[in-house]
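Asker: Here you go, final_20.txt (compact mmCIF, C-alpha atoms):
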```txt
# COMPACT_ATOMS: atom_id res chain seq x y z
CA MET H 1 191.96 118.55 66.38
CA ILE H 2 189.51 116.59 68.52
CA VAL H 3 188.07 113.46 66.96
CA ALA H 4 185.72 110.89 68.43
CA SER H 5 187.25 107.77 66.91
CA HIS H 6 190.27 105.59 67.47
CA ILE H 7 193.12 106.40 65.07
CA GLY H 8 195.25 103.30 64.95
CA VAL H 9 197.28 103.45 68.17
CA GLY H 10 197.80 100.30 70.19
CA PRO H 11 196.57 99.70 73.74
CA VAL H 12 200.02 100.43 75.20
CA GLU H 13 200.23 103.85 73.53
CA THR H 14 196.59 104.53 74.40
CA TRP H 15 197.08 103.93 78.13
CA ALA H 16 200.52 105.58 78.14
CA THR H 17 199.01 108.83 76.87
CA ILE H 18 196.03 108.59 79.25
CA LEU H 19 198.37 107.94 82.19
CA THR H 20 200.52 110.90 81.13
CA VAL H 21 197.46 113.16 81.23
CA ALA H 22 196.49 111.86 84.69
CA ALA H 23 200.05 111.94 86.09
CA THR H 24 200.70 115.53 85.00
CA ALA H 25 197.27 116.57 86.34
CA VAL H 26 198.01 114.94 89.70
CA ALA H 27 201.45 116.60 89.78
CA GLY H 28 199.79 119.95 89.08
CA ASP H 29 197.19 119.51 91.82
CA VAL H 30 199.66 118.28 94.43
CA LEU H 31 202.27 120.96 93.68
CA THR H 32 199.59 123.67 93.77
CA ALA H 33 198.11 122.34 97.01
CA GLY H 34 201.61 122.04 98.55
CA ALA H 35 202.39 125.61 97.52
CA MET H 36 199.17 126.93 99.04
CA ARG H 37 199.88 125.03 102.26
CA LYS H 38 203.33 126.65 102.45
CA ILE H 39 202.01 130.12 101.66
CA GLY H 40 199.34 129.84 104.36
CA ASP H 41 195.79 131.06 104.77
CA LEU H 42 195.03 133.36 101.80
CA ASP H 43 192.14 134.99 103.69
CA ALA H 44 194.57 136.09 106.41
CA ILE H 45 197.16 137.31 103.88
CA ARG H 46 194.49 139.28 102.00
CA ALA H 47 193.29 140.86 105.25
CA LYS H 48 196.85 141.94 106.07
CA ALA H 49 198.39 142.77 102.67
CA GLY H 50 195.35 143.25 100.42
CA LEU H 51 194.44 141.42 97.22
CA GLY H 52 197.70 142.48 95.55
CA GLY H 53 199.72 141.06 98.42
CA ALA H 54 197.83 137.75 98.21
CA ILE H 55 198.40 137.53 94.44
CA ARG H 56 202.12 138.35 94.89
CA ALA H 57 202.43 135.66 97.56
CA VAL H 58 200.94 133.07 95.21
CA VAL H 59 202.71 133.92 91.94
CA SER H 60 206.13 134.30 93.61
CA SER H 61 206.02 130.67 94.80
CA PRO H 62 208.23 128.44 92.58
CA MET H 63 206.21 125.40 93.66
CA PHE H 64 202.98 127.07 92.52
CA LEU H 65 204.54 127.99 89.15
CA LEU H 66 205.74 124.40 88.74
CA GLY H 67 202.18 123.25 89.52
CA VAL H 68 200.74 125.56 86.86
CA LEU H 69 203.34 124.25 84.37
CA SER H 70 202.23 120.69 85.18
CA MET H 71 198.58 121.67 84.67
CA ALA H 72 199.50 123.19 81.30
CA ALA H 73 201.40 120.00 80.39
CA SER H 74 198.31 117.98 81.35
CA PHE H 75 196.09 120.17 79.18
CA PHE H 76 198.33 119.82 76.13
CA SER H 77 198.82 116.08 76.67
CA LEU H 78 195.02 115.77 76.83
CA LEU H 79 194.77 117.57 73.49
CA PHE H 80 197.37 115.16 72.07
CA THR H 81 195.55 112.18 73.58
CA VAL H 82 192.11 113.02 72.22
CA SER H 83 193.60 113.49 68.77
CA ASN H 84 194.85 109.87 68.86
CA VAL H 85 192.48 108.02 71.20
CA ALA H 86 188.67 107.85 71.27
CA VAL H 87 187.52 110.82 73.33
CA SER H 88 184.83 108.64 74.92
CA LEU H 89 187.64 106.64 76.56
CA ALA H 90 190.31 109.33 77.05
CA ALA H 91 188.14 111.91 78.86
CA PRO H 92 186.50 109.70 81.53
CA ALA H 93 189.59 107.53 82.07
CA SER H 94 191.96 110.47 82.58
CA ALA H 95 189.49 112.40 84.78
CA SER H 96 188.77 109.37 86.98
CA LEU H 97 192.42 108.34 87.28
CA THR H 98 193.28 111.90 88.27
CA PHE H 99 190.85 111.75 91.21
CA LEU H 100 192.18 108.42 92.41
CA GLY H 101 195.81 109.41 91.84
CA ASN H 102 195.28 112.59 93.83
CA ALA H 103 194.16 110.60 96.87
CA PHE H 104 197.36 108.50 96.77
CA ALA H 105 199.59 111.52 96.04
CA ALA H 106 197.98 113.62 98.80
CA LYS H 107 198.64 110.85 101.30
CA ILE H 108 202.25 110.27 100.19
CA PHE H 109 203.50 113.78 99.35
CA LEU H 110 201.22 116.12 101.34
CA LYS H 111 200.94 113.72 104.32
CA GLU H 112 197.18 114.23 104.39
CA ASN H 113 195.20 111.93 106.63
CA VAL H 114 193.31 110.03 103.92
CA ASP H 115 191.04 107.99 106.18
CA ARG H 116 188.42 105.43 105.18
CA ARG H 117 185.87 108.18 104.59
CA ARG H 118 188.15 109.94 102.07
CA TRP H 119 189.14 106.70 100.31
CA LEU H 120 185.45 105.92 99.87
CA ALA H 121 184.86 109.43 98.55
CA ALA H 122 187.75 109.06 96.08
CA LEU H 123 186.43 105.70 94.86
CA PHE H 124 182.84 106.94 94.51
CA VAL H 125 183.95 110.09 92.68
CA PHE H 126 186.30 107.95 90.51
CA ALA H 127 183.40 105.77 89.42
CA GLY H 128 180.92 108.66 89.23
CA VAL H 129 183.11 110.83 87.03
CA PHE H 130 183.77 107.87 84.73
CA LEU H 131 180.04 107.27 84.26
CA LEU H 132 179.22 110.97 83.95
CA VAL H 133 181.89 111.93 81.42
CA LYS H 134 181.54 108.68 79.44
CA MET W 135 191.91 116.01 112.26
CA LYS W 136 189.42 118.27 113.94
CA HIS W 137 189.07 121.22 111.58
CA THR W 138 185.61 122.19 110.43
CA LEU W 139 184.69 125.08 108.17
CA SER W 140 182.98 128.38 108.84
CA PRO W 141 179.89 129.26 106.74
CA GLN W 142 182.01 131.76 104.79
CA ARG W 143 184.39 128.99 103.78
CA TYR W 144 181.54 126.74 102.68
CA LEU W 145 180.58 129.67 100.41
CA ILE W 146 184.09 129.57 98.90
CA LEU W 147 183.61 125.83 98.22
CA LEU W 148 180.22 126.63 96.66
CA ALA W 149 182.00 129.17 94.44
CA VAL W 150 184.50 126.43 93.45
CA MET W 151 181.61 124.19 92.37
CA LEU W 152 179.54 126.84 90.59
CA THR W 153 182.18 128.95 88.84
CA ALA W 154 183.83 125.93 87.17
CA SER W 155 180.58 124.42 85.96
CA VAL W 156 178.91 127.67 84.90
CA GLY W 157 182.17 128.77 83.22
CA ASP W 158 182.44 125.51 81.26
CA THR W 159 178.78 125.72 80.18
CA LEU W 160 179.10 129.37 79.12
CA LEU W 161 182.22 128.49 77.11
CA ALA W 162 180.39 125.57 75.46
CA TYR W 163 177.42 127.80 74.60
CA GLY W 164 179.66 130.59 73.30
CA MET W 165 181.83 128.24 71.22
CA SER W 166 178.70 126.65 69.70
CA GLN W 167 177.89 130.13 68.36
CA VAL W 168 181.46 130.70 67.14
CA GLY W 169 181.70 127.35 65.32
CA PRO W 170 184.42 124.67 65.14
CA VAL W 171 188.03 125.86 65.47
CA SER W 172 190.74 123.96 63.57
CA MET W 173 194.51 124.40 63.25
CA ALA W 174 193.89 125.95 59.83
CA HIS W 175 191.55 128.59 61.26
CA LEU W 176 193.14 129.63 64.55
CA GLY W 177 192.01 133.20 63.87
CA LEU W 178 188.56 132.07 64.96
CA LEU W 179 189.89 131.99 68.53
CA LEU W 180 190.35 135.78 68.37
CA HIS W 181 186.82 136.05 67.02
CA ALA W 182 185.66 133.89 69.98
CA MET W 183 187.20 136.40 72.39
CA ARG W 184 184.60 138.93 71.20
CA ASN W 185 181.72 136.61 72.09
CA PRO W 186 180.17 137.77 75.41
CA TRP W 187 179.36 134.17 76.47
CA VAL W 188 182.99 133.12 75.95
CA VAL W 189 184.32 136.18 77.80
CA THR W 190 181.92 135.60 80.73
CA GLY W 191 182.91 131.92 80.75
CA ILE W 192 186.62 132.82 80.96
CA LEU W 193 185.89 135.28 83.81
CA CYS W 194 184.01 132.50 85.64
CA LEU W 195 186.97 130.13 85.20
CA LEU W 196 189.34 132.80 86.56
CA GLY W 197 186.98 133.06 89.54
CA PHE W 198 187.16 129.27 89.87
CA PHE W 199 190.96 129.26 90.01
CA ALA W 200 190.99 132.04 92.62
CA SER W 201 188.43 130.30 94.85
CA TYR W 202 190.15 126.90 94.32
CA LEU W 203 193.51 128.31 95.45
CA THR W 204 191.85 130.03 98.42
CA ALA W 205 190.21 126.75 99.46
CA LEU W 206 193.52 124.87 99.15
CA SER W 207 195.15 127.39 101.51
CA TRP W 208 192.94 126.19 104.41
CA ALA W 209 191.70 122.72 103.43
CA ASP W 210 193.20 119.42 102.30
CA LEU W 211 193.37 118.54 98.61
CA THR W 212 191.37 115.37 99.32
CA PHE W 213 188.66 117.56 100.89
CA VAL W 214 188.49 120.16 98.09
CA LEU W 215 188.62 117.78 95.10
CA PRO W 216 185.24 116.09 95.69
CA ALA W 217 183.78 119.60 95.75
CA THR W 218 185.24 120.24 92.31
CA ALA W 219 183.74 116.93 91.16
CA PHE W 220 180.33 118.19 92.31
CA GLY W 221 180.74 120.76 89.53
CA TYR W 222 180.32 117.93 87.00
CA ILE W 223 176.79 117.48 88.33
CA VAL W 224 176.01 121.18 87.97
CA VAL W 225 177.29 120.99 84.37
CA ALA W 226 175.02 117.97 83.72
CA PHE W 227 171.96 119.83 85.01
CA LEU W 228 172.85 123.01 83.11
CA ALA W 229 173.34 120.92 79.95
CA ARG W 230 169.96 119.24 80.54
CA PHE W 231 167.84 122.27 81.35
CA TRP W 232 169.62 125.09 79.49
CA LEU W 233 171.29 123.44 76.51
CA HIS W 234 168.54 120.75 76.37
CA GLU W 235 170.99 117.85 76.18
CA PRO W 236 169.66 114.48 77.43
CA ILE W 237 170.95 112.83 80.64
CA THR W 238 171.26 109.07 80.13
CA PRO W 239 170.65 106.55 82.96
CA CYS W 240 174.43 105.99 83.01
CA ARG W 241 174.94 109.69 83.79
CA TRP W 242 172.25 109.63 86.49
CA ALA W 243 174.19 106.77 88.10
CA GLY W 244 177.38 108.84 87.90
CA ILE W 245 175.61 111.82 89.51
CA LEU W 246 174.39 109.58 92.36
CA LEU W 247 177.90 108.22 92.99
CA ILE W 248 179.46 111.70 93.07
CA VAL W 249 176.79 112.97 95.48
CA CYS W 250 177.59 110.02 97.78
CA GLY W 251 181.33 110.71 97.46
CA VAL W 252 180.94 114.40 98.30
CA GLY W 253 178.66 113.46 101.20
CA PHE W 254 181.39 111.23 102.67
CA VAL W 255 183.85 114.11 103.05
CA ALA W 256 181.53 117.10 103.47
CA ASN W 257 180.78 116.41 107.12
CA GLY W 258 184.30 115.34 107.98
CA PRO W 259 187.35 117.36 109.01
CA SER W 260 188.71 119.68 106.33
CA LEU W 261 192.39 119.82 107.25
CA THR W 262 194.99 117.35 108.46
CA GLU W 263 196.68 118.64 111.59
CA HIS W 264 200.42 118.04 111.41
CA ALA W 265 202.46 117.94 114.60
CA THR W 266 204.89 120.60 113.36
CA GLU W 267 202.21 122.89 112.01
CA ASP W 268 201.28 125.75 114.31
CA SER W 269 200.15 128.51 112.01
CA VAL W 270 196.99 127.12 110.43
CA THR W 271 194.17 128.17 112.69
CA GLY W 272 191.66 130.07 110.54
CA GLY W 273 188.18 128.56 110.31
CA SER W 274 188.94 125.81 112.78
CA GLU W 275 187.10 125.06 115.93
```
Just dump the structure as structure tokens.
Answerer:
Amino acid sequence: MIVASHIGVGPVETWATILTVAATAVAGDVLTAGAMRKIGDLDAIRAKAGLGGAIRAVVSSPMFLLGVLSMAASFFSLLFTVSNVAVSLAAPASASLTFLGNAFAAKIFLKENVDRRRWLAALFVFAGVFLLVK
Amino acid sequence: MKHTLSPQRYLILLAVMLTASVGDTLLAYGMSQVGPVSMAHLGLLLHAMRNPWVVTGILCLLGFFASYLTALSWADLTFVLPATAFGYIVVAFLARFWLHEPITPCRWAGILLIVCGVGFVANGPSLTEHATEDSVTGGSE
């Protein structure tokens, strides 16, 4: 049940649940992106093995399946969070933290070259999403 | 980092932006017709699956996931994610002009920031070139 008011949880619990949503979302994004990087160019696979071959390549990747599990965990932890924390805080905070967390995780785990341009983009999107979803 | 995208791949990114936002808006519109769903009335979810707006919304979101995965197979996560954030702006405009919801000054500021953020990465390289990587060539110059 989604409610728009605070239901008696302390600030520690509030931020623990919000961080759980963001952390599982980041894990889902990074695992999915890592899986797609390992699988390779889907356009090329589809050209060679057809749509079925591309779908098989994706769903047979354990890393991809783990990523989807993390995304599902994020979804359900968001449902849990918004039933205990004001949705006006939970939604923008978790969405913004996910964007920022992804920039860090992509640099550390996917070894992406997150240069100044991409850090600025992450910060602007972090702030923008917070204001937009608020 | 020297990869840039072909026009076809920019179309995939456009699909990432549009399918997510249109799908979310269609779901919101469809669910507003279905009514509130609670744990005591989960059967309403089955009823929602017969609503054409909800079904079209789900199809759009499936299209989003397919185009998102395709984009991640040839571009960095930190390149694709700002594009997904651009979808928030499309949702805001659809909510304003189709669902007639107001956009507050705070939201306009958020839209401006996201546009700037997307602009920062849009003209930059799309893929990090790793020394050991020799198979990723599609769409690069």
Asker: Between atom CA of W:Leu161 and atom CA of W:Phe199, what is the distance in Å, rounded to a tenth?
Answerer: 15.6 Å
Asker: Give me the residues of chain H that have any atom at most 8 Å from an atom of chain W; for each, the nearest atom pair and the distance in Å, rounded to one decimal. Use all atoms listed in the file, sort by chain and number, and format it as CSV.
Answerer:
```
residue,atom,partner,partner_atom,distance
H:Met1,CA,W:Ser172,CA,6.2
H:Asp29,CA,W:Leu211,CA,7.9
H:Val30,CA,W:Leu211,CA,7.6
H:Thr32,CA,W:Leu203,CA,7.8
H:Ala33,CA,W:Leu206,CA,5.7
H:Met36,CA,W:Ser207,CA,4.7
H:Arg37,CA,W:Ser207,CA,5.3
H:Ile39,CA,W:Ser207,CA,7.4
H:Gly40,CA,W:Ser207,CA,5.6
H:Asp41,CA,W:Ser207,CA,5.0
H:Leu42,CA,W:Thr204,CA,5.7
H:Asp43,CA,W:Thr204,CA,7.2
H:Ala44,CA,W:Gly272,CA,7.9
H:Phe99,CA,W:Leu215,CA,7.5
H:Asn102,CA,W:Thr212,CA,7.3
H:Ala103,CA,W:Thr212,CA,6.0
H:Ala106,CA,W:Leu211,CA,6.7
H:Glu112,CA,W:Thr262,CA,5.6
H:Asn113,CA,W:Thr262,CA,5.7
H:Val114,CA,W:Thr212,CA,7.3
H:Arg117,CA,W:Phe254,CA,5.7
H:Arg118,CA,W:Val255,CA,6.1
H:Leu120,CA,W:Gly251,CA,6.8
H:Ala121,CA,W:Gly251,CA,3.9
H:Ala122,CA,W:Gly251,CA,6.8
H:Leu123,CA,W:Gly251,CA,7.6
H:Phe124,CA,W:Gly251,CA,5.0
H:Val125,CA,W:Ile248,CA,4.8
H:Ala127,CA,W:Gly244,CA,6.9
H:Gly128,CA,W:Gly244,CA,3.8
H:Val129,CA,W:Gly244,CA,6.1
H:Phe130,CA,W:Gly244,CA,7.2
H:Leu131,CA,W:Gly244,CA,4.8
H:Leu132,CA,W:Arg241,CA,4.5
H:Val133,CA,W:Arg241,CA,7.7
H:Lys134,CA,W:Arg241,CA,8.0
```
Asker: What is the atom CA of W:Thr218-atom CA of W:Thr190 distance in Å, reported with one decimal?
Answerer: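 Atom-to-atom, atom CA of W:Thr218 to atom CA of W:Thr190, that is 19.5 Å.
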Asker: So which residues are close to (173.6, 127.9, 78.4), meaning at most 6 Å away in the file's coordinates with all atoms listed in the file counted, and can you show them as a VMD selection string?
Answerer: chain W and resid 159 to 160 163 232 to 233
Asker: Write out as a PyMOL selection string the residues lying within 10 Å of W:Met183, counting only C-alpha atoms and excluding same-chain residues fewer than 4 positions away.
Answerer: chain W and resi 164-165+168+178-179+187-190+192
Asker: Report, in Å with one decimal, the straight-line distance from atom CA of H:Val26 to atom CA of H:Ser74.
Answerer: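 Interatomic distance here is 8.9 Å.
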Asker: With only C-alpha atoms as the atoms that count, which of H:Ala35, H:Ala54, H:Ala86, H:Leu100 lies nearest to H:Pro11?
Answerer: H:Ala86
Asker: Nearest to H:Ala90: which of H:Ala23, H:Val58, H:Val68, H:Ile18 is it, counting only C-alpha atoms?
Answerer: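 The closest residue to H:Ala90 is H:Ile18.
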